[in-house]
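Structure data follow from upload-v4.txt (compact mmCIF, C-alpha atoms and all ligand atoms):
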```txt
# COMPACT_ATOMS: atom_id res chain seq x y z
CA MET C 11 -7.94 -3.72 -26.82
CA SER C 12 -7.35 -7.49 -27.16
CA THR C 13 -10.26 -9.77 -26.39
CA ARG C 14 -10.01 -12.14 -23.46
CA PRO C 15 -13.02 -14.44 -23.85
CA GLN C 16 -12.31 -16.65 -20.83
CA SER C 17 -11.94 -13.67 -18.49
CA SER C 18 -15.08 -12.04 -19.89
CA ALA C 19 -17.07 -15.22 -19.28
CA ALA C 20 -15.62 -15.64 -15.79
CA PHE C 21 -16.51 -12.03 -14.95
CA GLU C 22 -20.12 -12.52 -16.11
CA ARG C 23 -20.38 -15.60 -13.93
CA ALA C 24 -18.83 -13.85 -10.91
CA ARG C 25 -21.08 -10.80 -11.21
CA LYS C 26 -24.15 -12.93 -10.59
CA VAL C 27 -23.01 -13.99 -7.14
CA ILE C 28 -20.38 -11.44 -6.05
CA PRO C 29 -21.18 -7.68 -5.99
CA GLY C 30 -19.45 -6.19 -9.02
CA GLY C 31 -17.82 -9.55 -9.61
CA VAL C 32 -14.92 -8.82 -7.25
CA ASN C 33 -14.10 -9.08 -3.57
CA SER C 34 -12.29 -5.74 -3.46
CA PRO C 35 -13.26 -2.78 -5.67
CA ALA C 36 -9.69 -1.99 -6.75
CA ARG C 37 -9.78 -5.17 -8.84
CA ALA C 38 -12.81 -4.20 -10.92
CA PHE C 39 -11.02 -1.98 -13.47
CA GLY C 40 -13.51 0.82 -12.68
CA GLY C 41 -10.83 3.41 -13.39
CA VAL C 42 -9.87 2.02 -16.80
CA GLY C 43 -13.02 0.37 -18.15
CA GLY C 44 -13.24 -3.09 -19.65
CA THR C 45 -13.37 -6.34 -17.73
CA PRO C 46 -10.81 -7.50 -15.19
CA LEU C 47 -8.46 -10.32 -16.03
CA PHE C 48 -9.06 -13.51 -14.12
CA ILE C 49 -5.80 -15.00 -12.98
CA ALA C 50 -5.01 -18.68 -13.35
CA ARG C 51 -1.64 -18.64 -11.59
CA ALA C 52 1.40 -16.56 -10.82
CA ASP C 53 5.10 -17.32 -10.87
CA GLY C 54 8.15 -15.13 -10.17
CA PRO C 55 7.48 -11.69 -11.70
CA TYR C 56 4.57 -12.92 -13.84
CA LEU C 57 0.80 -13.29 -13.72
CA PHE C 58 -0.93 -15.72 -16.12
CA ASP C 59 -4.60 -15.15 -16.97
CA ILE C 60 -7.16 -17.80 -17.83
CA ASP C 61 -6.83 -16.85 -21.51
CA HIS C 62 -3.25 -18.17 -21.30
CA LYS C 63 -1.59 -14.79 -21.59
CA ARG C 64 1.44 -13.79 -19.51
CA TYR C 65 1.96 -10.38 -17.86
CA LEU C 66 4.87 -8.76 -16.08
CA ASP C 67 3.25 -7.95 -12.73
CA PHE C 68 3.62 -4.40 -11.41
CA ILE C 69 0.92 -4.70 -8.75
CA GLY C 70 2.32 -7.61 -6.75
CA SER C 71 -1.09 -8.22 -5.14
CA TRP C 72 -1.15 -4.45 -4.38
CA GLY C 73 1.99 -4.68 -2.30
CA PRO C 74 2.70 -7.96 -0.55
CA MET C 75 4.69 -9.78 -3.23
CA ILE C 76 8.06 -8.02 -2.98
CA LEU C 77 9.80 -11.38 -3.51
CA GLY C 78 7.67 -12.12 -6.56
CA HIS C 79 5.25 -15.03 -6.69
CA CYS C 80 5.97 -18.52 -5.36
CA HIS C 81 9.34 -17.69 -3.85
CA PRO C 82 10.69 -21.16 -2.94
CA ALA C 83 11.52 -20.20 0.67
CA VAL C 84 7.97 -18.94 1.24
CA VAL C 85 6.34 -21.91 -0.47
CA ASP C 86 8.42 -24.36 1.60
CA ALA C 87 7.62 -22.56 4.87
CA VAL C 88 3.90 -22.53 4.10
CA MET C 89 3.83 -26.21 3.11
CA ALA C 90 5.62 -27.16 6.31
CA ALA C 91 3.25 -25.03 8.43
CA VAL C 92 0.09 -26.41 6.79
CA ARG C 93 1.08 -29.95 7.70
CA ASN C 94 1.18 -28.88 11.35
CA GLY C 95 -2.43 -27.67 11.32
CA SER C 96 -4.09 -24.51 10.02
CA SER C 97 -5.21 -22.74 13.16
CA TYR C 98 -5.07 -23.47 16.88
CA GLY C 99 -6.86 -20.71 18.77
CA ALA C 100 -3.91 -20.88 21.16
CA PRO C 101 -0.50 -19.21 21.02
CA CYS C 102 2.34 -20.69 18.97
CA GLU C 103 6.01 -19.77 18.72
CA LEU C 104 5.77 -18.61 15.11
CA GLU C 105 3.90 -15.53 16.38
CA THR C 106 6.72 -14.63 18.74
CA GLU C 107 9.32 -15.22 16.05
CA LEU C 108 7.61 -12.88 13.57
CA ALA C 109 7.08 -10.31 16.35
CA GLU C 110 10.80 -10.48 17.22
CA ARG C 111 11.70 -9.92 13.59
CA VAL C 112 9.40 -6.86 13.30
CA VAL C 113 10.76 -5.41 16.56
CA GLU C 114 14.33 -5.96 15.39
CA ALA C 115 13.61 -4.33 12.00
CA VAL C 116 11.78 -1.23 13.26
CA PRO C 117 13.38 0.62 16.20
CA SER C 118 10.20 2.57 17.09
CA VAL C 119 8.40 -0.73 17.63
CA GLU C 120 9.06 -2.53 20.93
CA MET C 121 5.92 -4.67 20.92
CA VAL C 122 3.58 -5.75 18.17
CA ARG C 123 0.09 -7.25 17.93
CA PHE C 124 -0.89 -9.31 14.87
CA VAL C 125 -4.28 -9.06 13.17
CA SER C 126 -5.52 -10.35 9.80
CA SER C 127 -5.55 -7.29 7.52
CA GLY C 128 -4.22 -3.78 7.13
CA THR C 129 -7.71 -2.44 7.82
CA GLU C 130 -7.77 -4.17 11.18
CA ALA C 131 -4.30 -2.83 11.95
CA THR C 132 -5.21 0.84 11.36
CA MET C 133 -8.60 0.45 13.05
CA SER C 134 -6.93 -0.99 16.13
CA ALA C 135 -4.15 1.61 16.07
CA ILE C 136 -6.78 4.36 16.15
CA ARG C 137 -8.57 2.70 19.05
CA LEU C 138 -5.27 2.38 20.90
CA ALA C 139 -4.38 6.05 20.32
CA ARG C 140 -7.78 7.07 21.70
CA GLY C 141 -7.58 4.66 24.60
CA TYR C 142 -4.07 5.74 25.48
CA THR C 143 -4.70 9.50 25.32
CA GLY C 144 -8.30 9.52 26.51
CA ARG C 145 -9.09 11.84 23.60
CA ASP C 146 -11.36 11.38 20.57
CA LEU C 147 -10.13 13.45 17.61
CA ILE C 148 -8.14 11.83 14.82
CA ILE C 149 -6.43 13.68 11.97
CA LYS C 150 -6.09 12.06 8.57
CA PHE C 151 -4.99 13.48 5.23
CA ALA C 152 -7.03 13.74 2.04
CA GLY C 153 -6.05 11.04 -0.45
CA CYS C 154 -4.49 8.74 2.15
CA TYR C 155 -6.15 5.34 2.40
CA HIS C 156 -6.07 3.38 5.63
CA GLY C 157 -8.37 0.50 4.77
CA HIS C 158 -12.17 0.53 5.03
CA VAL C 159 -12.37 1.62 8.66
CA ASP C 160 -15.60 3.65 9.16
CA SER C 161 -13.92 6.57 10.89
CA LEU C 162 -11.18 6.79 8.25
CA LEU C 163 -13.36 6.49 5.16
CA VAL C 164 -13.34 10.24 4.56
CA SER C 165 -11.53 11.66 1.54
CA ALA C 166 -9.87 8.27 1.22
CA GLY C 167 -7.57 7.30 -1.62
CA SER C 168 -7.14 4.00 -3.47
CA SER C 169 -10.34 2.50 -4.88
CA ALA C 170 -12.47 4.81 -2.74
CA LEU C 171 -10.97 7.61 -4.81
CA THR C 172 -11.18 5.81 -8.15
CA HIS C 173 -14.84 5.08 -7.61
CA GLY C 174 -15.58 8.61 -6.45
CA VAL C 175 -17.03 7.56 -3.11
CA PRO C 176 -15.14 9.72 -0.64
CA ASN C 177 -17.81 9.21 1.98
CA SER C 178 -19.39 5.80 1.72
CA PRO C 179 -23.10 5.31 2.35
CA GLY C 180 -23.43 3.18 5.45
CA VAL C 181 -20.92 5.22 7.42
CA PRO C 182 -23.03 7.22 9.92
CA LYS C 183 -22.04 10.83 10.36
CA GLY C 184 -21.32 10.04 13.99
CA CYS C 185 -18.50 7.73 12.94
CA THR C 186 -16.60 10.46 11.15
CA ASP C 187 -17.48 13.41 13.40
CA ASP C 188 -14.21 12.96 15.26
CA THR C 189 -12.11 12.68 12.09
CA LEU C 190 -10.44 15.86 10.82
CA VAL C 191 -9.27 15.74 7.21
CA LEU C 192 -6.31 17.92 6.28
CA LYS C 193 -4.26 18.49 3.17
CA TYR C 194 -1.14 16.36 2.72
CA ASN C 195 2.14 18.29 2.84
CA ASP C 196 0.36 21.38 4.26
CA CYS C 197 2.30 22.53 7.34
CA ALA C 198 0.20 25.66 7.91
CA GLY C 199 -3.09 23.74 7.94
CA LEU C 200 -1.67 21.25 10.39
CA ALA C 201 -0.35 23.93 12.76
CA GLU C 202 -3.67 25.77 12.66
CA VAL C 203 -5.68 22.71 13.68
CA PHE C 204 -3.29 21.87 16.49
CA ARG C 205 -3.48 25.46 17.77
CA ALA C 206 -7.27 25.26 17.83
CA LYS C 207 -7.82 21.68 19.04
CA GLY C 208 -4.45 20.26 20.04
CA ASP C 209 -5.49 19.12 23.51
CA LYS C 210 -8.37 17.07 22.05
CA ILE C 211 -6.35 15.26 19.36
CA ALA C 212 -5.67 11.59 20.10
CA GLY C 213 -3.57 10.91 17.05
CA VAL C 214 -2.56 11.70 13.51
CA ILE C 215 -2.62 8.84 11.01
CA ILE C 216 -0.63 9.20 7.81
CA GLU C 217 0.95 7.25 4.99
CA PRO C 218 4.55 8.47 5.51
CA VAL C 219 5.02 8.00 1.77
CA VAL C 220 1.61 7.91 0.08
CA GLY C 221 0.82 5.08 -2.30
CA ASN C 222 -2.94 5.43 -2.39
CA MET C 223 -3.35 8.62 -4.44
CA GLY C 224 -0.56 7.39 -6.65
CA LEU C 225 2.94 7.79 -5.25
CA VAL C 226 3.29 11.07 -3.34
CA PRO C 227 6.34 11.75 -1.15
CA PRO C 228 6.17 13.91 1.98
CA THR C 229 8.26 17.06 2.27
CA SER C 230 10.78 17.02 5.11
CA GLU C 231 9.27 20.18 6.66
CA PHE C 232 5.89 18.49 6.76
CA ARG C 233 7.28 15.38 8.49
CA LYS C 234 9.19 17.48 11.00
CA GLU C 235 6.14 19.62 11.74
CA LEU C 236 4.03 16.48 12.25
CA ARG C 237 6.47 15.05 14.77
CA ARG C 238 6.95 18.39 16.53
CA LEU C 239 3.25 19.21 16.90
CA THR C 240 2.14 15.72 17.96
CA GLN C 241 4.86 15.71 20.62
CA GLN C 242 4.06 19.22 21.81
CA TYR C 243 0.36 18.44 22.22
CA GLY C 244 0.68 14.85 23.48
CA ALA C 245 -1.02 13.28 20.43
CA LEU C 246 0.23 9.99 19.00
CA LEU C 247 1.78 9.91 15.54
CA ILE C 248 0.59 6.84 13.65
CA TYR C 249 2.52 5.81 10.56
CA ASP C 250 0.44 3.61 8.29
CA GLU C 251 3.20 1.50 6.78
CA VAL C 252 0.87 -1.21 5.51
CA MET C 253 2.24 -0.51 2.04
CA THR C 254 5.70 0.93 2.75
CA GLY C 255 6.76 -1.38 5.61
CA PHE C 256 9.56 -3.72 4.47
CA ARG C 257 9.06 -2.22 0.98
CA LEU C 258 11.02 1.06 0.96
CA ALA C 259 13.63 -0.32 3.37
CA TYR C 260 13.69 -3.30 5.72
CA GLY C 261 12.65 -0.88 8.46
CA GLY C 262 10.05 0.76 6.20
CA ALA C 263 9.59 4.41 5.24
CA GLN C 264 10.58 5.42 8.77
CA GLU C 265 14.03 3.89 8.31
CA LEU C 266 14.45 5.53 4.92
CA LEU C 267 13.32 8.93 6.24
CA GLY C 268 14.86 8.66 9.71
CA ASP C 269 11.52 9.10 11.51
CA SER C 270 10.19 7.74 14.78
CA PRO C 271 6.40 7.50 15.02
CA ASP C 272 4.55 6.36 18.17
CA ILE C 273 2.50 3.61 16.51
CA THR C 274 3.08 1.86 13.20
CA ALA C 275 0.55 -0.18 11.23
CA PHE C 276 1.79 -3.00 9.00
CA GLY C 277 0.24 -5.41 6.53
CA LYS C 278 0.92 -6.68 3.03
CA ILE C 279 4.61 -7.75 3.02
CA ILE C 280 4.65 -8.99 6.63
CA GLY C 281 2.15 -11.67 5.59
CA GLY C 282 4.18 -12.81 2.57
CA GLY C 283 0.98 -13.06 0.50
CA TYR C 284 -1.23 -14.37 3.33
CA PRO C 285 -3.75 -12.37 5.40
CA VAL C 286 -1.72 -10.58 8.10
CA GLY C 287 -1.74 -7.09 9.55
CA ALA C 288 0.00 -5.77 12.64
CA TYR C 289 0.36 -2.69 14.77
CA GLY C 290 3.19 -1.89 17.09
CA GLY C 291 4.93 0.81 19.06
CA ARG C 292 6.55 1.61 22.39
CA ALA C 293 5.94 -1.00 25.08
CA GLU C 294 4.36 1.62 27.35
CA VAL C 295 1.71 2.34 24.68
CA MET C 296 1.22 -1.25 23.52
CA LYS C 297 0.70 -2.47 27.08
CA LYS C 298 -2.65 -0.65 27.04
CA ILE C 299 -3.96 -3.46 24.79
CA MET C 300 -5.99 -6.25 26.36
CA PRO C 301 -5.13 -8.48 28.17
CA ALA C 302 -2.07 -6.42 29.23
CA GLY C 303 -4.33 -3.35 29.47
CA PRO C 304 -7.92 -2.17 29.00
CA VAL C 305 -8.14 -1.47 25.22
CA PHE C 306 -10.04 -4.36 23.65
CA GLN C 307 -8.89 -6.00 20.44
CA ALA C 308 -9.13 -9.66 19.41
CA GLY C 309 -9.17 -12.05 16.43
CA THR C 310 -9.98 -15.74 15.85
CA LEU C 311 -7.35 -16.10 13.12
CA SER C 312 -4.92 -13.46 14.46
CA GLY C 313 -1.37 -14.79 14.41
CA ASN C 314 -2.45 -17.67 12.17
CA PRO C 315 0.44 -20.15 11.99
CA VAL C 316 0.43 -20.55 8.20
CA ALA C 317 0.37 -16.79 7.66
CA MET C 318 3.07 -16.30 10.32
CA ALA C 319 5.27 -18.86 8.55
CA ALA C 320 4.88 -17.00 5.24
CA GLY C 321 5.73 -13.70 6.93
CA ILE C 322 8.77 -15.13 8.68
CA ALA C 323 10.11 -16.66 5.46
CA THR C 324 9.61 -13.35 3.63
CA LEU C 325 11.33 -11.23 6.28
CA LYS C 326 14.15 -13.76 6.63
CA GLU C 327 14.82 -13.52 2.91
CA LEU C 328 14.64 -9.69 2.91
CA LYS C 329 17.09 -9.56 5.81
CA ALA C 330 19.54 -12.13 4.46
CA ASN C 331 19.59 -10.64 0.95
CA PRO C 332 18.46 -7.02 1.25
CA PRO C 333 17.11 -6.16 -2.22
CA TYR C 334 16.50 -2.47 -1.62
CA ARG C 335 19.51 -0.97 -3.43
CA GLN C 336 19.03 -3.23 -6.43
CA LEU C 337 15.29 -2.43 -6.54
CA ASP C 338 16.04 1.29 -6.28
CA ALA C 339 18.49 1.00 -9.20
CA LEU C 340 15.84 -0.79 -11.28
CA GLY C 341 13.34 1.89 -10.26
CA ALA C 342 15.72 4.65 -11.36
CA ARG C 343 16.28 2.90 -14.70
CA LEU C 344 12.54 2.61 -15.25
CA GLU C 345 11.91 6.21 -14.22
CA ALA C 346 14.54 7.55 -16.63
CA GLY C 347 13.25 5.40 -19.49
CA LEU C 348 9.60 6.33 -18.95
CA ARG C 349 10.45 10.01 -18.64
CA THR C 350 12.32 10.01 -21.95
CA ALA C 351 9.54 8.04 -23.63
CA ALA C 352 6.82 10.39 -22.38
CA THR C 353 8.85 13.48 -23.28
CA ASP C 354 9.56 12.14 -26.78
CA ALA C 355 5.84 11.46 -27.25
CA GLY C 356 5.05 15.01 -26.09
CA VAL C 357 2.83 13.71 -23.29
CA PRO C 358 2.56 15.97 -20.21
CA HIS C 359 3.58 13.81 -17.26
CA GLN C 360 5.03 13.53 -13.77
CA ILE C 361 6.88 10.50 -12.54
CA ASN C 362 6.88 10.21 -8.77
CA ARG C 363 9.13 7.48 -7.42
CA ILE C 364 10.70 6.45 -4.15
CA GLY C 365 12.78 3.28 -4.35
CA ASN C 366 10.66 0.61 -6.00
CA MET C 367 7.29 2.39 -5.71
CA TRP C 368 6.28 4.67 -8.57
CA THR C 369 3.45 6.36 -10.46
CA LEU C 370 3.35 7.90 -13.92
CA PHE C 371 0.82 10.74 -13.62
CA PHE C 372 -0.67 12.16 -16.82
CA THR C 373 -0.49 15.80 -15.77
CA ALA C 374 1.81 18.78 -16.25
CA THR C 375 1.29 19.77 -12.59
CA PRO C 376 3.76 18.43 -9.99
CA VAL C 377 1.82 16.02 -7.77
CA THR C 378 2.25 16.78 -4.06
CA ASP C 379 -1.23 16.11 -2.64
CA PHE C 380 -4.76 14.93 -3.43
CA ASP C 381 -5.77 18.07 -5.38
CA THR C 382 -2.75 17.98 -7.66
CA ALA C 383 -3.11 14.20 -8.15
CA LYS C 384 -6.64 14.86 -9.39
CA THR C 385 -5.35 17.14 -12.17
CA SER C 386 -4.29 13.93 -13.97
CA ASP C 387 -5.92 12.98 -17.26
CA THR C 388 -7.49 9.68 -16.19
CA LYS C 389 -8.77 8.96 -19.72
CA ARG C 390 -5.20 9.06 -20.95
CA PHE C 391 -4.15 6.83 -18.11
CA ALA C 392 -6.86 4.30 -19.02
CA ARG C 393 -5.73 4.23 -22.65
CA PHE C 394 -2.10 3.80 -21.58
CA PHE C 395 -3.07 1.05 -19.14
CA TRP C 396 -4.75 -1.03 -21.86
CA GLU C 397 -1.97 -0.41 -24.39
CA MET C 398 0.46 -1.79 -21.78
CA MET C 399 -1.83 -4.69 -20.87
CA ASP C 400 -2.08 -5.72 -24.53
CA ARG C 401 1.73 -5.82 -24.62
CA GLY C 402 1.92 -8.05 -21.52
CA PHE C 403 2.54 -5.48 -18.76
CA TYR C 404 0.09 -5.43 -15.86
CA LEU C 405 0.05 -1.96 -14.24
CA PRO C 406 -2.25 -0.88 -11.38
CA CYS C 407 -5.69 -0.34 -12.94
CA SER C 408 -6.04 3.22 -11.64
CA GLN C 409 -4.13 6.47 -11.98
CA PHE C 410 -4.33 6.79 -8.20
CA GLU C 411 -2.33 3.72 -7.21
CA ALA C 412 1.39 3.10 -6.86
CA ALA C 413 3.13 0.46 -8.97
CA PHE C 414 5.71 -1.89 -7.42
CA LEU C 415 8.81 -3.75 -8.49
CA CYS C 416 9.76 -7.17 -7.16
CA THR C 417 13.04 -8.96 -6.63
CA GLN C 418 12.37 -11.31 -9.56
CA MET C 419 12.56 -8.41 -12.03
CA THR C 420 15.76 -7.84 -14.00
CA GLU C 421 17.18 -4.99 -16.07
CA ALA C 422 15.88 -6.86 -19.12
CA HIS C 423 12.32 -6.73 -17.71
CA ILE C 424 12.68 -3.00 -17.09
CA ASP C 425 14.02 -2.38 -20.58
CA GLN C 426 11.14 -4.37 -22.11
CA THR C 427 8.73 -2.26 -20.08
CA ILE C 428 10.30 0.96 -21.37
CA VAL C 429 10.11 -0.26 -25.00
CA ALA C 430 6.43 -1.16 -24.51
CA ALA C 431 5.68 2.20 -22.85
CA ARG C 432 7.39 4.05 -25.71
CA GLU C 433 5.08 2.27 -28.19
CA ALA C 434 2.03 2.73 -25.96
CA LEU C 435 2.62 6.47 -25.53
CA LYS C 436 2.79 6.95 -29.31
CA VAL C 437 -1.01 6.73 -29.43
CA PHE C 438 -1.06 10.24 -27.89
CA ALA C 439 1.40 11.75 -30.39
C1 LIG F 501 -3.68 -1.69 1.67
C2 LIG F 501 -3.62 -0.65 2.68
C3 LIG F 501 -4.43 -0.70 3.83
C4 LIG F 501 -5.50 -1.73 4.03
O1 LIG F 501 -4.99 -3.02 4.13
P1 LIG F 501 -5.99 -4.25 3.85
O2 LIG F 501 -5.14 -5.46 4.13
O3 LIG F 501 -6.41 -4.12 2.42
O4 LIG F 501 -7.12 -4.13 4.78
C5 LIG F 501 -4.24 0.26 4.80
N1 LIG F 501 -3.34 1.23 4.65
C6 LIG F 501 -2.55 1.32 3.56
C7 LIG F 501 -1.54 2.41 3.47
C8 LIG F 501 -2.68 0.40 2.53
O5 LIG F 501 -1.94 0.53 1.44
```

What is this file in structure tokens?
Amino acid sequence: MSTRPQSSAAFERARKVIPGGVNSPARAFGGVGGTPLFIARADGPYLFDIDHKRYLDFIGSWGPMILGHCHPAVVDAVMAAVRNGSSYGAPCELETELAERVVEAVPSVEMVRFVSSGTEATMSAIRLARGYTGRDLIIKFAGCYHGHVDSLLVSAGSSALTHGVPNSPGVPKGCTDDTLVLKYNDCAGLAEVFRAKGDKIAGVIIEPVVGNMGLVPPTSEFRKELRRLTQQYGALLIYDEVMTGFRLAYGGAQELLGDSPDITAFGKIIGGGYPVGAYGGRAEVMKKIMPAGPVFQAGTLSGNPVAMAAGIATLKELKANPPYRQLDALGARLEAGLRTAATDAGVPHQINRIGNMWTLFFTATPVTDFDTAKTSDTKRFARFFWEMMDRGFYLPCSQFEAAFLCTQMTEAHIDQTIVAAREALKVFA
């Protein structure tokens, strides 16, 4: 492992005043060991650390940066917005414009409410589902991550999984008593719970394509069963598209899969790199939110003009020049190259990919849910991660996270990545 003296010093300094030295556990390299890189700046497809090394960036800030870093249209929009003031505490037209763009992109969404993070979006979506139905029970799936909402912090993926804290201290049992955790892609389990408790279930929240236990796609039977049962029992189907929204297609995973949930949570890309989340759905459901209706939800910086401007510029660019086919082609190229490299090195592996989201799992078992994801050899992953880092390729620092491509990546970048992976995987031969 190369030494990075500046980052090591910066981490020591940070750890004295910030718990674990980071403001979000996924950044702490807990799953791979070593110290996190401190970033000096980012540009296009690259991150630059404070030791003056350059990395091809496969995390894209964990999802938002589909256009790469410092896209000129986003930078210009943000600069212009900043000069008009940072926050008003009163409505502005940028909010309506971004809302119109989301509504136009996602047919199941007729109205949308902006918040400041994905966590706030899912938390509010759950409250809305309960307020709308007058019921308490929520179903979630093991390995799905929906932010650090108390009631959803059970068998959660992402860094909650990496750090082995499926149930965080500080979450009272009462908070999760109304949360039922089921197995992803398990139709029988789902049907059984609905048979037993269907008339008490307010909603089902799910990552329609999971990114937070590594990339795991849903089966079509499972998606159909979800829609059928929620409709039959009058529960709301909540798609958490914080990661997949505007990533797998302009209209998100639901466009790609042809699905129509009742509520959708957004985040990441819709903020263009700034703090934005949103939740939306049918007008009849959304009108239950205060002040149109009785379900309370508020935010001082909600609909922040600078963040709205970044989101608008990002969505405008994605609509004018849809990158999805090109990104899928790059993803396919990478998948094929990695598969050959891993096979040649004799390393048991699975590559799960949908479009430009992917995970290389170090396991011989096909990964379809949380249990099979956990069969991965995380020590091997950690070794591979650092071998790639030393060659200038920044992958997600956990086996249980999806990697992303961005529109600034070219075939040459992909081919360089495959060459590096081929070398990196040789350490296991
Ligand atoms: C990132 C993520 C969240 C949480 O969003 P934050 O902005 O980090 O609060 C929720 N759901 C999914 C699917 C995510 O990937």

Review point. In Å, with one decimal, what is the gap from atom CA of C:Gly309 to atom CA of C:Gly213?
Key: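 So the two atoms, atom CA of C:Gly309 and atom CA of C:Gly213, lie 23.6 Å apart.
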
Practice item. Enumerate residues in contact with ligand LIG 501 (chain F): an atom-to-atom distance of at most 9 Å, counting all atoms listed in the file. Format the result as a ChimeraX atom specification. Key: /C:34,72-73,126-132,154-159,168,216-222,249-254,275-278,285-287

Point to revise | d(atom CA of C:Met300, atom CA of C:Glu114) in Å | key: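 We find that atom CA of C:Met300 and atom CA of C:Glu114 lie 23.1 Å from each other.
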
Check your understanding: Looking at only C-alpha atoms, which of C:Leu435, C:Leu267, C:Val357, C:Ile280 is the one that sits closest to C:Ala374?
Key -> C:Val357

**Study point:** Test item: which residues lie within 9 Å of (11.1, 1.0, -12.3) counting only C-alpha atoms, as a ChimeraX atom specification
**Key:** /C:337-348,363,365-368,413-415,424,427

Selected residues written out, C-alpha atoms, as a PDB file, in the frame of the given file:
```pdb
ATOM      1  CA  LEU C 337      15.290  -2.430  -6.540  1.00  0.00           C
ATOM      2  CA  ASP C 338      16.040   1.290  -6.280  1.00  0.00           C
ATOM      3  CA  ALA C 339      18.490   1.000  -9.200  1.00  0.00           C
ATOM      4  CA  LEU C 340      15.840  -0.790 -11.280  1.00  0.00           C
ATOM      5  CA  GLY C 341      13.340   1.890 -10.260  1.00  0.00           C
ATOM      6  CA  ALA C 342      15.720   4.650 -11.360  1.00  0.00           C
ATOM      7  CA  ARG C 343      16.280   2.900 -14.700  1.00  0.00           C
ATOM      8  CA  LEU C 344      12.540   2.610 -15.250  1.00  0.00           C
ATOM      9  CA  GLU C 345      11.910   6.210 -14.220  1.00  0.00           C
ATOM     10  CA  ALA C 346      14.540   7.550 -16.630  1.00  0.00           C
ATOM     11  CA  GLY C 347      13.250   5.400 -19.490  1.00  0.00           C
ATOM     12  CA  LEU C 348       9.600   6.330 -18.950  1.00  0.00           C
ATOM     13  CA  ARG C 363       9.130   7.480  -7.420  1.00  0.00           C
ATOM     14  CA  GLY C 365      12.780   3.280  -4.350  1.00  0.00           C
ATOM     15  CA  ASN C 366      10.660   0.610  -6.000  1.00  0.00           C
ATOM     16  CA  MET C 367       7.290   2.390  -5.710  1.00  0.00           C
ATOM     17  CA  TRP C 368       6.280   4.670  -8.570  1.00  0.00           C
ATOM     18  CA  ALA C 413       3.130   0.460  -8.970  1.00  0.00           C
ATOM     19  CA  PHE C 414       5.710  -1.890  -7.420  1.00  0.00           C
ATOM     20  CA  LEU C 415       8.810  -3.750  -8.490  1.00  0.00           C
ATOM     21  CA  ILE C 424      12.680  -3.000 -17.090  1.00  0.00           C
ATOM     22  CA  THR C 427       8.730  -2.260 -20.080  1.00  0.00           C
TER      23      THR C 427
END
```

Review point. Could you state the separation of atom CA of C:Asn331 and atom CA of C:Ala412 in Å, given to one decimal place?
Key: 24.1 Å

Check your understanding: Around (-2.7, 10.8, -15.1) in the file's frame, which residues reach within 7 Å when counting only C-alpha atoms? Return as an MDAnalysis selection string?
Key -> chainID C and resid 370:373 386:388 390:391 409

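You can rank C:Cys407, C:Ala352, C:Leu225, C:Ala206 by their closest distance to C:Arg37 using only C-alpha atoms, and at the top of that list sits C:Cys407.
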
Point to revise | Residues near stretch 85-101 of chain C, cut-off 7 Å, all atoms listed in the file, skip fewer than 5 positions along chain, as a PyMOL selection string | key: chain C and resi 80+310-311+314-316+319-320+323

Listing only residues of stretch 112-180 of chain C within 12 Å of stretch 240-243 of chain C, what is the closest atom pair and its distance in Å (to one decimal) for each, using all atoms listed in the file, sorted by chain and residue number ascending, as JSON lines?
```
{"residue": "C:Ala139", "atom": "CA", "partner": "C:Thr240", "partner_atom": "CA", "distance": 11.9}
{"residue": "C:Thr143", "atom": "CA", "partner": "C:Tyr243", "partner_atom": "CA", "distance": 10.7}
{"residue": "C:Arg145", "atom": "CA", "partner": "C:Tyr243", "partner_atom": "CA", "distance": 11.6}
{"residue": "C:Ile148", "atom": "CA", "partner": "C:Thr240", "partner_atom": "CA", "distance": 11.4}
{"residue": "C:Ile149", "atom": "CA", "partner": "C:Thr240", "partner_atom": "CA", "distance": 10.7}
```

Study note, to complete from the structure: Of C:Leu47, C:Leu108, C:Val122, C:Val116, the one sitting nearest C:Lys297 when using all atoms listed in the file is C:Val122

Review point. Nearest to C:Glu231: which of C:Asp196, C:Asp381, C:Glu120, C:Gly261 is it, counting only C-alpha atoms?
Key: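 Nearest candidate to C:Glu231 out of C:Asp196, C:Asp381, C:Glu120, C:Gly261: C:Asp196.
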
Review point. Between C:Leu66, C:Arg257, C:Val226, C:Asp146, which is the closest to C:Gly208 once you count only C-alpha atoms?
Key: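 Checking each candidate against C:Gly208, we get C:Asp146 as the closest.
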
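Closest approach to C:Cys102 from the set C:Arg335, C:Ala50, C:Gly313, C:Ile322 is made by C:Gly313, with distances taken over only C-alpha atoms.
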